[in-house]
Amino acid sequence: MKLDPQIAALLDTLDAGFPPVHTMTGAQARAVIRSRFVPPDEPEPVYQVRDDVVPGPRSDIPVRVYRPDGDDLPVLVYAHGGGFVFCDLDSHDALCRHFANHVGAIVVSVGYRLAPEHRWPAAVEDVYAVTQAAARGAFGGDPGRVAVGGDSAGGNLAAVTALIARDRGGPDLVAQLLIYPVIAAAFYTESYRLFGRGYYNPKSAMQWYWDQYVPALPDRNHPYAAPLHADLTGLPPAILVIAGHDPLRDEGLAYAAGLKSAGVQVMLLQFDGGIHGFMSMPNLDMAQQAQSQACAALADLVSRA
């Protein structure tokens, strides 16, 4: 298994530029990440983009709604990555625009509460509240065809939202899109050993993210924190994007296997040459391939729902 050549050419620069978040406060890490964000000169056009708020468990939740042209569209509630600590509606704007256009769905990006100021389960309760709103028709589209999705920490929030929706009697979701998701606080897997240093998503950062979001160790065994510990029966079909050179690889593969064992339909999209976060690197051929395959798979699921 070899690194993608385009990634290999960039990896040293990417890894050297990764901020030492484990030495920072949440606010400091957030400020550093935000300062590095450079929006595209010409964002991918979408028929309609608007900012809104949804009433949440503690306060209004900011959302950004992307609507492609068309009627009776499915809805994708999307949770951005960022270690539960940073990133926002702007950081994932390009990815959500692409999903809206190429899935043919209304995409609702969730500005959930961030750790450590708001610890577990604040973030997932926000994503679940927005998912409930989508199923009530708050954003238009077909309230009977709501999916959840997310990348990295957002993949955790999407997976847990699917669990909560099942356990609390709804809404019935048609799909979950989990992009290199955070699934368990397990730092001693083979993929952590191989890729926990030097591959852009270091083990030290992952441990720090969990310390910010779920500081109490016993809570990390709760299925709403680490869904690998959950009963996985009765969940919606899942699409998992896995990067081969990612410390999170093994937990993602374990989750896919657990879903399959529980009788859940799973489509596994493996990109062995990829690193964590590669789908948000639009100049990579592999990122474009992964986006295309993920969008096609999700479009197929929601069209058959």
# chains A, B, ... in the order shown; residues from 1 in each chain; ligands from 1
call {"tool": "closest_atom_pairs", "arguments": {"of": "range 82-129 of chain A", "to": "range 154-163 of chain A", "cutoff": "7 Å", "atoms": "only C-alpha atoms", "output": "tab-separated table"}}
result
residue	atom	partner	partner_atom	distance
A:Val124	CA	A:Leu157	CA	5.3
A:Val127	CA	A:Thr161	CA	6.8
A:Tyr128	CA	A:Thr161	CA	5.4
call {"tool": "select_by_dssp", "arguments": {"residues": "range 124-281 of chain A", "states": "strand (DSSP E or B)", "output": "list in words"}}
result
Val146, Ala147, Val148, Gly149, Gly150, Asp151, Ala175, Gln176, Leu177, Leu178, Ile179, Ala238, Ile239, Leu240, Val241, Ile242, Ala243, Gly244, His245, Val266, Met267, Leu268, Leu269, Gln270, Phe271, Asp272, Gly273, Gly274 and Ile275 of chain A
call {"tool": "atom_distance", "arguments": {"atom1": "CA of Val302 in chain A", "atom2": "CA of Val110 in chain A"}}
result
20.0 Å
call {"tool": "select_by_dssp", "arguments": {"residues": "range 36-214 of chain A", "states": "alpha helix (DSSP H)", "output": "NGL selection string"}}
result
:A and (93-99 or 122-135 or 153-167 or 190-195 or 203-213)
call {"tool": "residues_around", "arguments": {"residues": "Phe195 in chain A", "least_positions_apart": "3", "cutoff": "12 Å", "atoms": "only C-alpha atoms", "output": "VMD selection string"}}
result
chain A and resid 3 15 187 to 192 198 to 204 206 243 to 250 274 to 276
call {"tool": "write_last_selection", "arguments": {"atoms": "N, CA, C and O atoms", "output": "mmCIF file, in the first residue's frame"}}
result
data_model
loop_
_atom_site.group_PDB
_atom_site.id
_atom_site.type_symbol
_atom_site.label_atom_id
_atom_site.label_comp_id
_atom_site.auth_asym_id
_atom_site.auth_seq_id
_atom_site.Cartn_x
_atom_site.Cartn_y
_atom_site.Cartn_z
ATOM 1 N N LEU A 3 1.459 5.526 -0.688
ATOM 2 C CA LEU A 3 0.842 6.848 -0.710
ATOM 3 C C LEU A 3 0.557 7.260 -2.143
ATOM 4 O O LEU A 3 1.352 6.980 -3.060
ATOM 5 N N ASP A 15 2.498 18.022 6.870
ATOM 6 C CA ASP A 15 2.725 17.563 8.229
ATOM 7 C C ASP A 15 3.472 18.611 9.055
ATOM 8 O O ASP A 15 3.145 18.857 10.223
ATOM 9 N N PHE A 187 -6.384 4.415 20.741
ATOM 10 C CA PHE A 187 -5.166 5.014 20.190
ATOM 11 C C PHE A 187 -4.039 4.003 19.974
ATOM 12 O O PHE A 187 -2.898 4.404 19.729
ATOM 13 N N TYR A 188 -4.370 2.713 20.051
ATOM 14 C CA TYR A 188 -3.307 1.704 19.965
ATOM 15 C C TYR A 188 -3.615 0.671 18.881
ATOM 16 O O TYR A 188 -3.131 -0.456 18.952
ATOM 17 N N THR A 189 -4.379 1.058 17.889
ATOM 18 C CA THR A 189 -4.620 0.178 16.758
ATOM 19 C C THR A 189 -3.391 0.136 15.857
ATOM 20 O O THR A 189 -2.458 0.935 15.999
ATOM 21 N N GLU A 190 -3.394 -0.794 14.923
ATOM 22 C CA GLU A 190 -2.277 -0.895 13.990
ATOM 23 C C GLU A 190 -2.157 0.372 13.147
ATOM 24 O O GLU A 190 -1.044 0.839 12.861
ATOM 25 N N SER A 191 -3.291 0.960 12.770
ATOM 26 C CA SER A 191 -3.208 2.171 11.945
ATOM 27 C C SER A 191 -2.676 3.362 12.746
ATOM 28 O O SER A 191 -1.982 4.217 12.188
ATOM 29 N N TYR A 192 -2.960 3.417 14.036
ATOM 30 C CA TYR A 192 -2.334 4.462 14.858
ATOM 31 C C TYR A 192 -0.825 4.227 14.952
ATOM 32 O O TYR A 192 -0.029 5.177 14.927
ATOM 33 N N GLY A 198 3.545 11.756 11.414
ATOM 34 C CA GLY A 198 4.094 11.987 10.087
ATOM 35 C C GLY A 198 3.106 11.924 8.954
ATOM 36 O O GLY A 198 3.498 12.043 7.790
ATOM 37 N N TYR A 199 1.817 11.760 9.272
ATOM 38 C CA TYR A 199 0.800 11.636 8.226
ATOM 39 C C TYR A 199 -0.332 12.650 8.404
ATOM 40 O O TYR A 199 -1.473 12.373 8.076
ATOM 41 N N TYR A 200 0.005 13.818 8.941
ATOM 42 C CA TYR A 200 -0.870 14.999 8.929
ATOM 43 C C TYR A 200 -1.953 14.992 10.007
ATOM 44 O O TYR A 200 -2.471 16.035 10.341
ATOM 45 N N ASN A 201 -2.295 13.839 10.556
ATOM 46 C CA ASN A 201 -3.310 13.782 11.614
ATOM 47 C C ASN A 201 -2.698 13.029 12.790
ATOM 48 O O ASN A 201 -2.972 11.858 12.993
ATOM 49 N N PRO A 202 -1.851 13.691 13.575
ATOM 50 C CA PRO A 202 -1.045 12.964 14.559
ATOM 51 C C PRO A 202 -1.850 12.440 15.747
ATOM 52 O O PRO A 202 -2.891 12.997 16.124
ATOM 53 N N LYS A 203 -1.327 11.377 16.326
ATOM 54 C CA LYS A 203 -1.943 10.780 17.503
ATOM 55 C C LYS A 203 -2.092 11.804 18.625
ATOM 56 O O LYS A 203 -3.121 11.822 19.326
ATOM 57 N N SER A 204 -1.078 12.650 18.822
ATOM 58 C CA SER A 204 -1.140 13.649 19.896
ATOM 59 C C SER A 204 -2.342 14.569 19.730
ATOM 60 O O SER A 204 -2.994 14.949 20.715
ATOM 61 N N MET A 206 -5.182 13.774 18.056
ATOM 62 C CA MET A 206 -6.405 12.999 18.273
ATOM 63 C C MET A 206 -6.686 12.814 19.769
ATOM 64 O O MET A 206 -7.832 12.918 20.213
ATOM 65 N N ALA A 243 -9.506 6.343 4.415
ATOM 66 C CA ALA A 243 -8.180 6.643 3.874
ATOM 67 C C ALA A 243 -7.183 5.633 4.432
ATOM 68 O O ALA A 243 -7.144 5.378 5.641
ATOM 69 N N GLY A 244 -6.360 5.068 3.552
ATOM 70 C CA GLY A 244 -5.469 3.993 3.967
ATOM 71 C C GLY A 244 -4.342 4.418 4.881
ATOM 72 O O GLY A 244 -3.888 3.643 5.716
ATOM 73 N N HIS A 245 -3.857 5.659 4.739
ATOM 74 C CA HIS A 245 -2.745 6.157 5.558
ATOM 75 C C HIS A 245 -3.273 7.127 6.626
ATOM 76 O O HIS A 245 -2.801 8.254 6.768
ATOM 77 N N ASP A 246 -4.236 6.675 7.369
ATOM 78 C CA ASP A 246 -4.930 7.488 8.365
ATOM 79 C C ASP A 246 -4.932 6.719 9.676
ATOM 80 O O ASP A 246 -5.290 5.531 9.687
ATOM 81 N N PRO A 247 -4.543 7.333 10.801
ATOM 82 C CA PRO A 247 -4.644 6.604 12.069
ATOM 83 C C PRO A 247 -6.063 6.138 12.387
ATOM 84 O O PRO A 247 -6.236 5.181 13.151
ATOM 85 N N LEU A 248 -7.060 6.755 11.793
ATOM 86 C CA LEU A 248 -8.448 6.360 12.030
ATOM 87 C C LEU A 248 -8.903 5.219 11.130
ATOM 88 O O LEU A 248 -10.059 4.789 11.217
ATOM 89 N N ARG A 249 -8.022 4.734 10.284
ATOM 90 C CA ARG A 249 -8.409 3.696 9.318
ATOM 91 C C ARG A 249 -9.041 2.482 9.997
ATOM 92 O O ARG A 249 -10.132 2.036 9.603
ATOM 93 N N ASP A 250 -8.394 1.954 11.011
ATOM 94 C CA ASP A 250 -8.834 0.684 11.584
ATOM 95 C C ASP A 250 -10.172 0.811 12.294
ATOM 96 O O ASP A 250 -11.002 -0.104 12.228
ATOM 97 N N GLY A 274 -4.655 7.455 0.419
ATOM 98 C CA GLY A 274 -5.088 8.721 0.989
ATOM 99 C C GLY A 274 -4.665 8.924 2.428
ATOM 100 O O GLY A 274 -4.335 7.968 3.140
ATOM 101 N N ILE A 275 -4.673 10.169 2.866
ATOM 102 C CA ILE A 275 -4.434 10.541 4.256
ATOM 103 C C ILE A 275 -5.704 11.169 4.814
ATOM 104 O O ILE A 275 -6.628 11.513 4.067
ATOM 105 N N HIS A 276 -5.735 11.339 6.106
ATOM 106 C CA HIS A 276 -6.879 11.969 6.744
ATOM 107 C C HIS A 276 -7.087 13.375 6.163
ATOM 108 O O HIS A 276 -6.135 14.144 6.010
#
call {"tool": "closest_atom_pairs", "arguments": {"of": "range 118-229 of chain A", "to": "range 29-39 of chain A", "cutoff": "12 Å", "atoms": "only C-alpha atoms", "output": "JSON lines"}}
result
{"residue": "A:Ala205", "atom": "CA", "partner": "A:Ala29", "partner_atom": "CA", "distance": 10.8}
{"residue": "A:Trp208", "atom": "CA", "partner": "A:Ala29", "partner_atom": "CA", "distance": 11.1}
{"residue": "A:Tyr209", "atom": "CA", "partner": "A:Ala29", "partner_atom": "CA", "distance": 10.8}
{"residue": "A:Gln212", "atom": "CA", "partner": "A:Ala29", "partner_atom": "CA", "distance": 11.5}
call {"tool": "closest_residue", "arguments": {"among": "A:Gln265, A:Thr23, A:Asn221, A:Gln28", "to": "Gln207 in chain A", "atoms": "only C-alpha atoms"}}
result
A:Thr23
call {"tool": "residues_around", "arguments": {"residues": "Tyr47 in chain A", "least_positions_apart": "4", "cutoff": "8 Å", "atoms": "only C-alpha atoms", "output": "list of chain:residue names"}}
result
A:Tyr66, A:Arg67, A:Pro68, A:Asp69
call {"tool": "closest_residue", "arguments": {"among": "A:Phe99, A:Tyr213, A:Tyr78, A:Phe18", "to": "Gln176 in chain A", "atoms": "only C-alpha atoms"}}
result
A:Tyr78
call {"tool": "closest_residue", "arguments": {"among": "A:Asp93, A:Asp60, A:Asp172, A:Asp231", "to": "Val46 in chain A", "atoms": "only C-alpha atoms"}}
result
A:Asp93
call {"tool": "closest_residue", "arguments": {"among": "A:Ala294, A:Leu217, A:Ile183, A:Leu269", "to": "Glu251 in chain A", "atoms": "only C-alpha atoms"}}
result
A:Ile183
call {"tool": "residues_around", "arguments": {"residues": "Arg220 in chain A", "least_positions_apart": "6", "cutoff": "10 Å", "atoms": "only C-alpha atoms", "output": "list in words"}}
result
Trp120, Ala184, Ala185, Ala186, Trp210, Asp211, Tyr213, Val214, Ala226, Pro227 and His229 of chain A
call {"tool": "residues_around", "arguments": {"residues": "Ser152 in chain A", "least_positions_apart": "6", "cutoff": "8 Å", "atoms": "only C-alpha atoms", "output": "list of chain:residue names"}}
result
A:His80, A:Gly81, A:Gly82, A:Gly83, A:Leu178, A:Ile179, A:Tyr180, A:Pro181, A:Val182, A:Gly277
call {"tool": "atom_distance", "arguments": {"atom1": "CA of Ala238 in chain A", "atom2": "CA of Met267 in chain A"}}
result
6.3 Å
call {"tool": "atom_distance", "arguments": {"atom1": "CA of Arg197 in chain A", "atom2": "CA of Leu10 in chain A"}}
result
15.4 Å
call {"tool": "residues_around", "arguments": {"residues": "Pro43 in chain A", "least_positions_apart": "5", "cutoff": "12 Å", "atoms": "only C-alpha atoms", "output": "ChimeraX atom specification"}}
result
/A:38,49,90,92-98
call {"tool": "write_last_selection", "arguments": {"atoms": "N, CA, C and O atoms", "output": "PDB file, in the first residue's frame"}}
result
ATOM      1  N   VAL A  38      -8.351  30.068   3.624  1.00  0.00           N
ATOM      2  CA  VAL A  38      -8.368  30.936   2.441  1.00  0.00           C
ATOM      3  C   VAL A  38      -9.540  30.503   1.567  1.00  0.00           C
ATOM      4  O   VAL A  38      -9.491  29.432   0.945  1.00  0.00           O
ATOM      5  N   VAL A  49     -28.083  29.627  -1.708  1.00  0.00           N
ATOM      6  CA  VAL A  49     -27.349  29.415  -0.460  1.00  0.00           C
ATOM      7  C   VAL A  49     -27.826  30.465   0.533  1.00  0.00           C
ATOM      8  O   VAL A  49     -27.835  31.661   0.223  1.00  0.00           O
ATOM      9  N   ASP A  90     -17.885  28.036   7.229  1.00  0.00           N
ATOM     10  CA  ASP A  90     -17.046  28.515   6.135  1.00  0.00           C
ATOM     11  C   ASP A  90     -16.011  27.484   5.706  1.00  0.00           C
ATOM     12  O   ASP A  90     -15.739  27.315   4.516  1.00  0.00           O
ATOM     13  N   HIS A  92     -16.078  24.363   5.535  1.00  0.00           N
ATOM     14  CA  HIS A  92     -16.622  23.256   4.761  1.00  0.00           C
ATOM     15  C   HIS A  92     -17.620  23.715   3.700  1.00  0.00           C
ATOM     16  O   HIS A  92     -18.385  22.920   3.165  1.00  0.00           O
ATOM     17  N   ASP A  93     -17.576  25.002   3.398  1.00  0.00           N
ATOM     18  CA  ASP A  93     -18.495  25.553   2.407  1.00  0.00           C
ATOM     19  C   ASP A  93     -18.302  24.901   1.042  1.00  0.00           C
ATOM     20  O   ASP A  93     -19.273  24.522   0.381  1.00  0.00           O
ATOM     21  N   ALA A  94     -17.059  24.751   0.605  1.00  0.00           N
ATOM     22  CA  ALA A  94     -16.798  24.193  -0.724  1.00  0.00           C
ATOM     23  C   ALA A  94     -17.295  22.755  -0.820  1.00  0.00           C
ATOM     24  O   ALA A  94     -17.903  22.360  -1.834  1.00  0.00           O
ATOM     25  N   LEU A  95     -17.045  21.961   0.206  1.00  0.00           N
ATOM     26  CA  LEU A  95     -17.472  20.565   0.193  1.00  0.00           C
ATOM     27  C   LEU A  95     -18.994  20.464   0.158  1.00  0.00           C
ATOM     28  O   LEU A  95     -19.563  19.647  -0.584  1.00  0.00           O
ATOM     29  N   CYS A  96     -19.676  21.306   0.928  1.00  0.00           N
ATOM     30  CA  CYS A  96     -21.133  21.263   0.959  1.00  0.00           C
ATOM     31  C   CYS A  96     -21.733  21.731  -0.367  1.00  0.00           C
ATOM     32  O   CYS A  96     -22.763  21.203  -0.809  1.00  0.00           O
ATOM     33  N   ARG A  97     -21.128  22.714  -0.993  1.00  0.00           N
ATOM     34  CA  ARG A  97     -21.585  23.134  -2.314  1.00  0.00           C
ATOM     35  C   ARG A  97     -21.494  21.969  -3.300  1.00  0.00           C
ATOM     36  O   ARG A  97     -22.416  21.733  -4.095  1.00  0.00           O
ATOM     37  N   HIS A  98     -20.387  21.260  -3.236  1.00  0.00           N
ATOM     38  CA  HIS A  98     -20.195  20.134  -4.150  1.00  0.00           C
ATOM     39  C   HIS A  98     -21.236  19.050  -3.887  1.00  0.00           C
ATOM     40  O   HIS A  98     -21.825  18.500  -4.833  1.00  0.00           O
TER      41      HIS A  98
END
